[in-house]
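Quick look at final-v4.txt (compact mmCIF, C-alpha atoms and all ligand atoms):
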# COMPACT_ATOMS: atom_id res chain seq x y z
CA MET A 841 -24.75 -10.08 -20.69
CA THR A 842 -23.44 -12.21 -23.54
CA ASN A 843 -20.03 -13.28 -22.32
CA THR A 844 -21.27 -15.82 -19.74
CA ILE A 845 -21.44 -19.51 -20.64
CA HIS A 846 -22.33 -22.47 -18.46
CA SER A 847 -19.47 -24.85 -17.67
CA SER A 848 -21.50 -27.75 -19.12
CA ALA A 849 -22.22 -25.95 -22.45
CA ASP A 850 -20.66 -27.45 -25.59
CA GLY A 851 -17.11 -26.23 -26.02
CA ALA A 852 -17.06 -24.19 -22.78
CA ILE A 853 -13.78 -25.68 -21.55
CA ASP A 854 -12.08 -25.25 -24.97
CA GLN A 855 -13.30 -21.68 -25.30
CA ALA A 856 -12.07 -20.73 -21.83
CA SER A 857 -8.63 -22.24 -22.35
CA GLU A 858 -8.31 -20.58 -25.77
CA VAL A 859 -9.12 -17.15 -24.32
CA LEU A 860 -6.54 -17.73 -21.58
CA ASN A 861 -3.91 -18.97 -24.04
CA GLN A 862 -4.41 -15.80 -26.10
CA GLY A 863 -3.74 -13.67 -23.02
CA GLY A 864 -7.37 -12.93 -22.14
CA LEU A 865 -9.11 -12.91 -18.75
CA VAL A 866 -11.73 -15.52 -17.78
CA ALA A 867 -13.77 -15.62 -14.57
CA VAL A 868 -13.78 -19.22 -13.36
CA PRO A 869 -15.82 -21.00 -10.68
CA THR A 870 -14.09 -22.48 -7.65
CA GLU A 871 -15.44 -23.99 -4.44
CA THR A 872 -14.39 -20.85 -2.52
CA VAL A 873 -15.34 -17.82 -4.68
CA TYR A 874 -15.24 -17.03 -8.43
CA GLY A 875 -11.69 -16.29 -9.59
CA LEU A 876 -10.44 -13.82 -12.21
CA ALA A 877 -7.98 -15.95 -14.15
CA ALA A 878 -5.04 -15.25 -16.45
CA ARG A 879 -2.25 -17.56 -17.56
CA SER A 880 0.42 -16.83 -15.00
CA ASP A 881 3.24 -16.86 -17.59
CA ILE A 882 1.64 -14.14 -19.79
CA ASP A 883 2.81 -10.96 -18.08
CA ASN A 884 0.45 -8.49 -19.71
CA ALA A 885 -2.54 -10.74 -18.94
CA VAL A 886 -1.50 -10.89 -15.27
CA GLU A 887 -0.99 -7.12 -15.25
CA ARG A 888 -4.53 -6.69 -16.57
CA ILE A 889 -5.89 -8.59 -13.52
CA PHE A 890 -4.48 -5.83 -11.32
CA THR A 891 -5.91 -3.11 -13.59
CA VAL A 892 -9.39 -4.64 -13.85
CA LYS A 893 -9.62 -5.29 -10.10
CA GLY A 894 -8.03 -1.98 -9.11
CA ARG A 895 -5.69 -4.09 -6.99
CA PRO A 896 -2.36 -2.60 -5.83
CA SER A 897 0.51 -4.40 -7.60
CA GLY A 898 2.18 -5.35 -4.31
CA HIS A 899 -0.71 -7.73 -3.52
CA PRO A 900 0.39 -11.12 -4.84
CA LEU A 901 -1.92 -13.54 -6.64
CA ILE A 902 -2.64 -17.19 -5.88
CA LEU A 903 -1.58 -19.71 -8.54
CA HIS A 904 -4.07 -22.48 -9.34
CA VAL A 905 -2.92 -25.79 -10.81
CA ALA A 906 -4.92 -28.81 -11.96
CA HIS A 907 -3.05 -31.50 -9.98
CA ALA A 908 -0.87 -31.59 -6.88
CA ASP A 909 1.92 -33.06 -9.05
CA ASP A 910 2.02 -29.83 -11.09
CA VAL A 911 3.10 -27.79 -8.05
CA ALA A 912 6.74 -28.93 -8.42
CA ARG A 913 7.09 -26.80 -11.55
CA TYR A 914 6.35 -23.58 -9.69
CA VAL A 915 8.15 -24.07 -6.38
CA ASP A 916 11.78 -24.36 -5.38
CA SER A 917 11.14 -27.39 -3.14
CA ILE A 918 8.27 -29.15 -1.39
CA PRO A 919 8.93 -29.45 2.35
CA HIS A 920 7.49 -32.48 4.16
CA PRO A 921 4.52 -30.64 5.78
CA ALA A 922 3.53 -29.32 2.33
CA LYS A 923 3.53 -32.86 0.95
CA ILE A 924 1.31 -34.05 3.83
CA LEU A 925 -1.19 -31.20 3.47
CA ALA A 926 -1.25 -31.51 -0.34
CA ASP A 927 -2.00 -35.26 -0.09
CA HIS A 928 -4.82 -34.77 2.42
CA CYS A 929 -6.39 -31.47 1.40
CA TRP A 930 -6.20 -31.06 -2.39
CA PRO A 931 -8.28 -30.47 -4.37
CA GLY A 932 -9.70 -28.13 -1.75
CA PRO A 933 -9.81 -24.68 -0.12
CA LEU A 934 -6.20 -24.62 1.12
CA THR A 935 -3.42 -22.41 -0.27
CA LEU A 936 0.23 -23.13 0.57
CA LEU A 937 2.92 -20.47 0.56
CA LEU A 938 6.26 -21.94 -0.65
CA LYS A 939 9.54 -20.66 -2.08
CA LYS A 940 8.98 -19.96 -5.78
CA SER A 941 10.82 -21.42 -8.75
CA ASN A 942 12.06 -19.44 -11.78
CA ASN A 943 8.83 -20.38 -13.59
CA VAL A 944 6.89 -17.82 -11.53
CA SER A 945 7.25 -14.12 -12.37
CA HIS A 946 7.59 -11.37 -9.80
CA ILE A 947 4.44 -9.79 -11.23
CA VAL A 948 2.46 -12.73 -9.78
CA THR A 949 4.24 -12.68 -6.41
CA GLY A 950 4.35 -8.90 -5.96
CA GLY A 951 8.15 -9.05 -5.98
CA ARG A 952 8.38 -11.76 -3.31
CA GLU A 953 10.48 -14.95 -3.48
CA THR A 954 7.48 -16.98 -2.28
CA VAL A 955 4.44 -18.17 -4.22
CA ALA A 956 0.93 -19.01 -2.98
CA ILE A 957 -0.48 -22.07 -4.75
CA ARG A 958 -3.47 -24.43 -4.58
CA VAL A 959 -5.51 -27.06 -6.44
CA PRO A 960 -9.14 -25.89 -6.63
CA ALA A 961 -11.95 -28.44 -6.25
CA ASN A 962 -14.11 -27.29 -9.18
CA ALA A 963 -13.77 -29.95 -11.91
CA SER A 964 -14.46 -27.56 -14.83
CA THR A 965 -11.83 -25.12 -13.68
CA ARG A 966 -9.29 -27.93 -13.30
CA LEU A 967 -10.08 -29.04 -16.86
CA ILE A 968 -9.58 -25.48 -18.12
CA ILE A 969 -6.19 -25.27 -16.37
CA GLU A 970 -5.21 -28.68 -17.73
CA LYS A 971 -6.09 -27.59 -21.28
CA CYS A 972 -4.04 -24.41 -20.89
CA GLY A 973 -1.07 -26.50 -19.92
CA HIS A 974 -0.01 -23.84 -17.44
CA ALA A 975 -0.95 -22.55 -13.99
CA ILE A 976 -3.45 -19.70 -13.83
CA ALA A 977 -3.19 -16.74 -11.48
CA ALA A 978 -6.63 -16.06 -10.03
CA PRO A 979 -7.67 -13.64 -7.28
CA SER A 980 -11.36 -13.16 -6.52
CA ALA A 981 -13.30 -11.76 -9.51
CA ASN A 982 -14.41 -8.49 -7.88
CA LYS A 983 -13.14 -4.94 -7.46
CA PHE A 984 -10.38 -4.71 -4.83
CA GLY A 985 -11.66 -4.33 -1.28
CA ARG A 986 -15.26 -5.19 -2.13
CA VAL A 987 -17.41 -8.29 -1.58
CA SER A 988 -16.17 -11.46 -3.33
CA PRO A 989 -18.43 -13.10 -5.96
CA THR A 990 -20.02 -16.48 -5.26
CA THR A 991 -22.18 -16.63 -8.44
CA ALA A 992 -21.53 -15.85 -12.11
CA GLN A 993 -24.17 -13.09 -11.83
CA HIS A 994 -22.08 -11.40 -9.12
CA VAL A 995 -19.11 -11.39 -11.51
CA GLU A 996 -21.26 -9.97 -14.32
CA ALA A 997 -22.43 -7.17 -12.03
CA ASP A 998 -18.85 -6.24 -11.02
CA LEU A 999 -16.69 -6.94 -14.08
CA GLY A 1000 -18.98 -8.12 -16.87
CA SER A 1001 -17.97 -5.60 -19.51
CA GLU A 1002 -14.25 -5.65 -18.66
CA ILE A 1003 -13.37 -9.32 -19.17
CA GLU A 1004 -13.60 -11.70 -22.10
CA LEU A 1005 -15.53 -14.61 -20.60
CA ILE A 1006 -17.34 -15.84 -17.48
CA ILE A 1007 -17.75 -19.57 -16.84
CA ASP A 1008 -20.93 -20.19 -14.83
CA ASP A 1009 -21.06 -23.21 -12.55
CA GLY A 1010 -23.71 -22.03 -10.12
CA ASP A 1011 -23.17 -21.17 -6.46
CA CYS A 1012 -19.76 -21.68 -4.83
CA SER A 1013 -20.17 -24.46 -2.28
CA ILE A 1014 -17.87 -23.05 0.44
CA GLY A 1015 -18.33 -19.34 -0.19
CA VAL A 1016 -15.29 -17.91 1.62
CA GLU A 1017 -11.70 -17.73 0.36
CA SER A 1018 -9.09 -20.43 0.95
CA THR A 1019 -7.11 -20.85 4.15
CA ILE A 1020 -3.51 -19.70 3.53
CA ILE A 1021 -0.66 -21.47 5.36
CA ASP A 1022 2.92 -20.21 5.08
CA LEU A 1023 5.31 -23.17 4.83
CA SER A 1024 8.20 -21.12 3.45
CA SER A 1025 9.98 -20.77 6.79
CA ASP A 1026 10.73 -22.96 9.81
CA ARG A 1027 7.30 -23.12 11.42
CA PRO A 1028 3.90 -23.34 9.69
CA GLN A 1029 1.99 -20.09 10.07
CA LEU A 1030 -1.62 -19.15 9.33
CA LEU A 1031 -1.75 -16.14 6.98
CA ARG A 1032 -5.51 -16.11 6.43
CA PRO A 1033 -8.28 -18.23 7.98
CA GLY A 1034 -10.52 -19.65 5.25
CA GLY A 1035 -12.56 -22.53 3.92
CA PHE A 1036 -10.30 -25.25 5.34
CA PRO A 1037 -10.66 -25.24 9.16
CA LEU A 1038 -7.39 -24.63 11.05
CA GLU A 1039 -8.13 -27.42 13.56
CA ASP A 1040 -8.38 -29.95 10.72
CA LEU A 1041 -5.03 -28.83 9.27
CA GLU A 1042 -3.36 -29.12 12.69
CA ALA A 1043 -4.79 -32.62 13.12
CA ILE A 1044 -3.47 -33.66 9.69
CA LEU A 1045 -0.02 -32.18 10.41
CA GLY A 1046 0.05 -33.51 13.96
CA SER A 1047 1.43 -30.16 15.11
CA SER A 1048 0.22 -26.65 15.82
CA ILE A 1049 0.16 -23.83 13.28
CA ASP A 1050 1.33 -20.40 14.43
CA PRO A 1051 -1.24 -17.57 14.41
CA PRO A 1052 -0.92 -14.70 11.92
CA ALA A 1053 1.73 -12.22 13.07
CA GLY A 1054 4.16 -9.63 11.77
CA GLU A 1055 3.67 -7.38 8.77
CA SER A 1056 0.46 -7.69 6.78
CA ARG A 1057 1.36 -10.12 4.03
CA ALA A 1058 -2.02 -11.23 2.76
CA SER A 1059 -4.72 -8.85 1.54
CA GLY A 1060 -7.00 -10.85 3.82
CA MET A 1061 -4.82 -9.35 6.56
CA LEU A 1062 -5.56 -5.73 5.62
CA ALA A 1063 -7.68 -3.93 8.20
CA SER A 1064 -10.58 -3.23 5.85
CA HIS A 1065 -11.63 -5.62 3.09
CA TYR A 1066 -14.61 -7.65 1.84
CA ALA A 1067 -16.83 -4.59 2.29
CA PRO A 1068 -20.43 -4.06 1.13
CA ARG A 1069 -21.79 -0.52 0.58
CA GLY A 1070 -23.98 -0.67 3.67
CA SER A 1071 -22.14 -0.54 6.99
CA VAL A 1072 -21.64 -3.80 8.88
CA VAL A 1073 -22.31 -3.87 12.62
CA LEU A 1074 -21.28 -6.92 14.68
CA ALA A 1075 -23.38 -8.54 17.41
CA GLU A 1076 -22.21 -11.07 19.97
CA SER A 1077 -25.57 -12.87 20.08
CA ILE A 1078 -28.89 -13.03 18.26
CA ASP A 1079 -30.54 -11.21 21.20
CA GLN A 1080 -28.11 -8.32 20.82
CA ALA A 1081 -28.67 -8.41 17.05
CA ASN A 1082 -32.45 -8.17 17.54
CA ASP A 1083 -32.01 -5.19 19.87
CA LEU A 1084 -29.87 -3.45 17.24
CA LEU A 1085 -32.46 -4.26 14.57
CA GLN A 1086 -35.18 -2.54 16.64
CA GLN A 1087 -33.03 0.56 17.14
CA THR A 1088 -31.70 0.91 13.59
CA PRO A 1089 -33.67 2.10 10.57
CA ARG A 1090 -33.07 0.24 7.25
CA SER A 1091 -31.19 -2.56 8.97
CA ARG A 1092 -31.21 -6.33 8.48
CA ILE A 1093 -29.70 -9.31 10.34
CA LEU A 1094 -27.70 -11.74 8.20
CA ASP A 1095 -29.38 -15.15 8.18
CA HIS A 1096 -27.96 -18.67 8.81
CA TYR A 1097 -25.73 -17.51 11.71
CA ALA A 1098 -26.39 -20.77 13.57
CA ASN A 1099 -25.18 -23.03 10.74
CA LEU A 1100 -21.52 -22.34 9.92
CA PRO A 1101 -21.35 -23.97 6.45
CA MET A 1102 -24.55 -22.19 5.39
CA TYR A 1103 -23.40 -18.92 6.97
CA ALA A 1104 -20.13 -19.09 5.01
CA ALA A 1105 -21.76 -20.17 1.75
CA SER A 1106 -24.37 -17.38 1.85
CA LEU A 1107 -22.33 -14.59 3.50
CA TYR A 1108 -21.26 -12.67 0.40
CA SER A 1109 -24.52 -13.12 -1.50
CA GLN A 1110 -26.43 -11.90 1.56
CA MET A 1111 -24.20 -8.79 1.72
CA ARG A 1112 -24.76 -8.13 -1.99
CA GLN A 1113 -28.51 -8.65 -1.62
CA ALA A 1114 -28.60 -6.21 1.30
CA ASP A 1115 -26.84 -3.60 -0.88
CA ASN A 1116 -29.28 -4.21 -3.73
CA ASP A 1117 -32.21 -3.84 -1.33
CA GLY A 1118 -30.91 -0.49 -0.07
CA ILE A 1119 -30.12 -1.76 3.44
CA ALA A 1120 -28.03 0.85 5.31
CA VAL A 1121 -26.89 -1.29 8.25
CA ILE A 1122 -26.12 -4.98 8.00
CA ILE A 1123 -26.21 -6.63 11.44
CA ALA A 1124 -24.07 -9.77 11.66
CA VAL A 1125 -24.00 -12.25 14.53
CA LEU A 1126 -20.37 -13.25 15.17
CA PRO A 1127 -20.03 -17.04 15.12
CA PRO A 1128 -17.89 -19.00 17.62
CA GLN A 1129 -14.20 -18.76 16.67
CA THR A 1130 -13.76 -22.42 15.73
CA GLY A 1131 -13.89 -24.26 12.40
CA LEU A 1132 -15.39 -22.17 9.60
CA GLY A 1133 -16.37 -19.60 12.25
CA ARG A 1134 -12.81 -18.21 12.13
CA ALA A 1135 -13.04 -17.35 8.45
CA ILE A 1136 -16.57 -15.93 8.81
CA GLY A 1137 -15.53 -13.85 11.85
CA ASP A 1138 -12.43 -12.60 10.00
CA ARG A 1139 -14.45 -11.45 6.95
CA LEU A 1140 -17.16 -9.86 9.11
CA ASN A 1141 -14.59 -8.01 11.21
CA LYS A 1142 -12.90 -6.62 8.10
CA ALA A 1143 -16.20 -5.71 6.47
CA SER A 1144 -17.20 -3.86 9.65
CA LEU A 1145 -14.07 -1.65 9.50
CA ALA A 1146 -14.85 -0.20 6.07
P1 LIG B 1201 -7.16 -13.27 -2.99
O1 LIG B 1201 -6.65 -13.80 -4.26
O2 LIG B 1201 -7.65 -11.86 -3.05
O3 LIG B 1201 -8.05 -14.21 -2.25
O4 LIG B 1201 -5.89 -13.12 -2.07
C1 LIG B 1201 -4.81 -13.96 -2.17
C2 LIG B 1201 -4.06 -13.81 -0.93
O5 LIG B 1201 -2.85 -14.55 -0.96
C3 LIG B 1201 -3.70 -12.38 -0.74
O6 LIG B 1201 -4.12 -12.03 0.56
C4 LIG B 1201 -2.25 -12.35 -0.93
O7 LIG B 1201 -1.65 -11.31 -0.24
C5 LIG B 1201 -1.83 -13.75 -0.49
N1 LIG B 1201 -0.58 -14.14 -1.12
C6 LIG B 1201 -0.42 -14.57 -2.36
N2 LIG B 1201 0.89 -14.76 -2.64
C7 LIG B 1201 1.56 -14.44 -1.52
C8 LIG B 1201 2.93 -14.38 -1.17
N3 LIG B 1201 3.89 -14.71 -2.02
N4 LIG B 1201 3.24 -13.98 0.08
C9 LIG B 1201 2.28 -13.63 0.95
N5 LIG B 1201 0.97 -13.64 0.67
C10 LIG B 1201 0.61 -14.04 -0.53
MG MG B 1202 -10.27 -11.07 -2.99

For the structure just supplied, provide its representation as structure tokens.
Amino acid sequence: MTNTIHSSADGAIDQASEVLNQGGLVAVPTETVYGLAARSDIDNAVERIFTVKGRPSGHPLILHVAHADDVARYVDSIPHPAKILADHCWPGPLTLLLKKSNNVSHIVTGGRETVAIRVPANASTRLIIEKCGHAIAAPSANKFGRVSPTTAQHVEADLGSEIELIIDDGDCSIGVESTIIDLSSDRPQLLRPGGFPLEDLEAILGSSIDPPAGESRASGMLASHYAPRGSVVLAESIDQANDLLQQTPRSRILDHYANLPMYAASLYSQMRQADNDGIAVIIAVLPPQTGLGRAIGDRLNKASLA
């Protein structure tokens, strides 16, 4: 594949921002997963994200900005809890849902009056955004409903021939998508558990965050998502997983279940490897539902429903 360049290669940042400024699509590294980026103010570039991913147009995209100060341009106002979380958590794997300003098109928000926005931790990607001079819209760089990419090679395998450029910065350090908190109404609400643990956010805010409820607003809240080709079977313990392994031909237990950061960071690449190795049944030990375990459990549950 010829359209992948390393983030440290000469001119990589300039090349990426030029492609974006001309309305092209660039896969960019973040600490969560690789994103499929377009300049959020170029409508036909944003529309192409939906086409390339096969993503329904009602599923809004997350805006990525280079600095917390840049958020003001894209939102109607910044409520106090948003200011606190932005100060403590950005750059990092936290997305805030706020009322949008007129600078954000309805194509990005799927027709909603709210916008999801974050500052990613990857320094190269922040430089690319800074050079563009505008926020990028960037969902995960994979086909809709499938396993998210955590390496540039994953992106090449899924979308290589359909996009202009892939910026390679190695493995994503966190490996699961951002935590999404809705701050657009009276009480903070969790829309999707993710790379920023809920308990830490509650400690920073000094108040509780409501659990996800109501209509499915985030694609992370769809019943089936994040799915490999092999079927995913959940086990409550490693003993149960070992029993299943004995009983099931062409099965494999996902590794690192006892170390939450490593489990999260390797989850998607392990699922992809299992598919490549022709594994029919992926057995996953459910982690405790605290910290990163919530995001891992959420992704495993959704993958198991496919
Ligand atoms: P992805 O980019 O696939 O990780 O998903 C981004 C998530 O953010 C999706 O689940 C979206 O539905 C959610 N999201 C983005 N913008 C909004 C919005 N305005 N309202 C509700 N959810 C949103
Ligand atoms: Mg995704």

Discussion item. Please identify all protein, DNA and RNA residues within 7 Å of ligand MG 1202 (chain B), counting all atoms listed in the file, and report them as a PyMOL selection string.
Written reply: chain A and resi 979-980+982+984+988

Taking only C-alpha atoms and all ligand atoms into account, list the residues no farther than 8 Å from ligand LIG 1201 (chain B), as a PDB file with C-alpha atoms, in the frame of the given file.
ATOM      1  CA  GLY A 875     -11.690 -16.290  -9.590  1.00  0.00           C
ATOM      2  CA  HIS A 899      -0.710  -7.730  -3.520  1.00  0.00           C
ATOM      3  CA  PRO A 900       0.390 -11.120  -4.840  1.00  0.00           C
ATOM      4  CA  LEU A 901      -1.920 -13.540  -6.640  1.00  0.00           C
ATOM      5  CA  ILE A 902      -2.640 -17.190  -5.880  1.00  0.00           C
ATOM      6  CA  THR A 935      -3.420 -22.410  -0.270  1.00  0.00           C
ATOM      7  CA  LEU A 937       2.920 -20.470   0.560  1.00  0.00           C
ATOM      8  CA  LEU A 938       6.260 -21.940  -0.650  1.00  0.00           C
ATOM      9  CA  VAL A 948       2.460 -12.730  -9.780  1.00  0.00           C
ATOM     10  CA  THR A 949       4.240 -12.680  -6.410  1.00  0.00           C
ATOM     11  CA  GLY A 950       4.350  -8.900  -5.960  1.00  0.00           C
ATOM     12  CA  ARG A 952       8.380 -11.760  -3.310  1.00  0.00           C
ATOM     13  CA  GLU A 953      10.480 -14.950  -3.480  1.00  0.00           C
ATOM     14  CA  THR A 954       7.480 -16.980  -2.280  1.00  0.00           C
ATOM     15  CA  VAL A 955       4.440 -18.170  -4.220  1.00  0.00           C
ATOM     16  CA  ALA A 956       0.930 -19.010  -2.980  1.00  0.00           C
ATOM     17  CA  ILE A 957      -0.480 -22.070  -4.750  1.00  0.00           C
ATOM     18  CA  ALA A 978      -6.630 -16.060 -10.030  1.00  0.00           C
ATOM     19  CA  PRO A 979      -7.670 -13.640  -7.280  1.00  0.00           C
ATOM     20  CA  SER A 980     -11.360 -13.160  -6.520  1.00  0.00           C
ATOM     21  CA  PHE A 984     -10.380  -4.710  -4.830  1.00  0.00           C
ATOM     22  CA  GLU A1017     -11.700 -17.730   0.360  1.00  0.00           C
ATOM     23  CA  SER A1018      -9.090 -20.430   0.950  1.00  0.00           C
ATOM     24  CA  ILE A1020      -3.510 -19.700   3.530  1.00  0.00           C
ATOM     25  CA  ASP A1022       2.920 -20.210   5.080  1.00  0.00           C
ATOM     26  CA  LEU A1031      -1.750 -16.140   6.980  1.00  0.00           C
ATOM     27  CA  ARG A1032      -5.510 -16.110   6.430  1.00  0.00           C
ATOM     28  CA  ARG A1057       1.360 -10.120   4.030  1.00  0.00           C
ATOM     29  CA  ALA A1058      -2.020 -11.230   2.760  1.00  0.00           C
ATOM     30  CA  SER A1059      -4.720  -8.850   1.540  1.00  0.00           C
ATOM     31  CA  GLY A1060      -7.000 -10.850   3.820  1.00  0.00           C
ATOM     32  CA  MET A1061      -4.820  -9.350   6.560  1.00  0.00           C
TER      33      MET A1061
END

Closest contacts (stretch 886-941 of chain A/stretch 1043-1052 of chain A, max 9 Å, all atoms listed in the file) as a tab-separated table:
residue	atom	partner	partner_atom	distance
A:Pro921	CA	A:Leu1045	CA	6.7
A:Ile924	CA	A:Leu1045	CA	7.0
A:Leu925	CA	A:Ile1044	CA	7.1
A:His928	CA	A:Ile1044	CA	7.5

Take the residues from that selection and write them out as a JSON list (two decimals), keeping the file's coordinate frame, keeping C-alpha atoms.
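The new file result.json reads:
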[["chain", "number", "residue", "atom", "x", "y", "z"],
["A", 921, "PRO", "CA", 4.52, -30.64, 5.78],
["A", 924, "ILE", "CA", 1.31, -34.05, 3.83],
["A", 925, "LEU", "CA", -1.19, -31.20, 3.47],
["A", 928, "HIS", "CA", -4.82, -34.77, 2.42]]

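Each of A:Ser1024, A:Ser857, A:Ser1071, A:Asn942 was compared to A:Arg913 using all atoms listed in the file, and A:Asn942 turns out to be the nearest.
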
Fill in: Contacts of A:Ala912 within 10 Å, all atoms listed in the file, excl. fewer than 5 positions in-chain, as a VMD selection string
chain A and resid 917 to 918 940 to 941

Worksheet entry | Nearest residue to A:Asp927 from the set A:Lys893, A:Thr991, A:Gly863, A:Leu1041 (distances using only C-alpha atoms) |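 Of all the options, A:Leu1041 lies closest to A:Asp927.
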
Practice prompt. Compare A:Asp916, A:Ala981, A:Gly1035, A:Val859 by their minimum atom-to-atom distance to A:Tyr1103, counting all atoms listed in the file, and give me the closest one.
Written response: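 The answer is A:Gly1035, which sits nearest to A:Tyr1103.
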
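The residues that lie within 8 Å of the point (-20.3, -10.5, -4.5), counting all atoms listed in the file, are Asn982, Arg986, Val987, Ser988, Pro989, Thr990, Thr991, His994, Val995, Asp998, Tyr1108, Ser1109, Met1111 and Arg1112 of chain A.
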
Worksheet entry | Using all atoms listed in the file: which of A:Phe890, A:Leu1140, A:Asp1008, A:Ser897 has the shortest distance to A:Ile853 | A:Asp1008

Discussion item. Taking 4 positions as the minimum chain separation for residues in the same chain, which residues sit within 9 Å of A:Leu1132 when counting only C-alpha atoms? Answer as a list in words.
Written reply: Pro1033, Gly1034, Gly1035, Phe1036, Pro1037, Leu1038, Leu1100, Pro1101, Ala1104, Pro1127, Pro1128, Ile1136 and Gly1137 of chain A

Fill in: Straight-line distance linking atom CA of A:His904 with atom CA of A:Arg966, stated in Å to one decimal
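Rounded to one decimal, the two atoms are 8.5 Å apart.
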
Worksheet item: If I put a ball of radius 12 Å at (-25.3, 0.4, -4.4) in the file's coordinates, which residues poke into it when counting all atoms listed in the file, written as a VMD selection string?
Response: chain A and resid 986 997 to 998 1067 to 1071 1111 to 1120

Fill in: A:Asn843, A:Ser1077, A:Ser880, A:Gln1086 ranked by distance to A:Asn861, top pick (using all atoms listed in the file)
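Distance minimum relative to A:Asn861 lands on A:Ser880.
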
Worksheet item: Using all atoms listed in the file, which residue out of A:Ala992, A:Leu1085, A:Leu860, A:Leu1145 lies closest to A:Ile1007?
Response: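 The shortest atom-to-atom distance to A:Ile1007 comes from A:Ala992.
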
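When atom CA of A:Val944 is paired with atom CA of A:His1065, their separation reads 26.6 Å.
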
Discussion item. Between atom CA of A:Ile1123 and atom CA of A:Ala1105, what is the distance in Å, rounded to a tenth?
Written reply: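 Result for atom CA of A:Ile1123 versus atom CA of A:Ala1105: 17.2 Å, one decimal.
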
Practice prompt. Quick one: everything within 10 Å of A:Ala926, counting all atoms listed in the file, minus sequence neighbours fewer than 2 positions away in the same chain. Send it as a list in words.
Written response: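 The contact residues come out as His907, Ala908, Asp909, Val911, Ile918, His920, Pro921, Ala922, Lys923, Ile924, His928, Cys929, Trp930, Pro931, Gly932, Leu934, Thr935, Leu936, Arg958 and Val959 of chain A.
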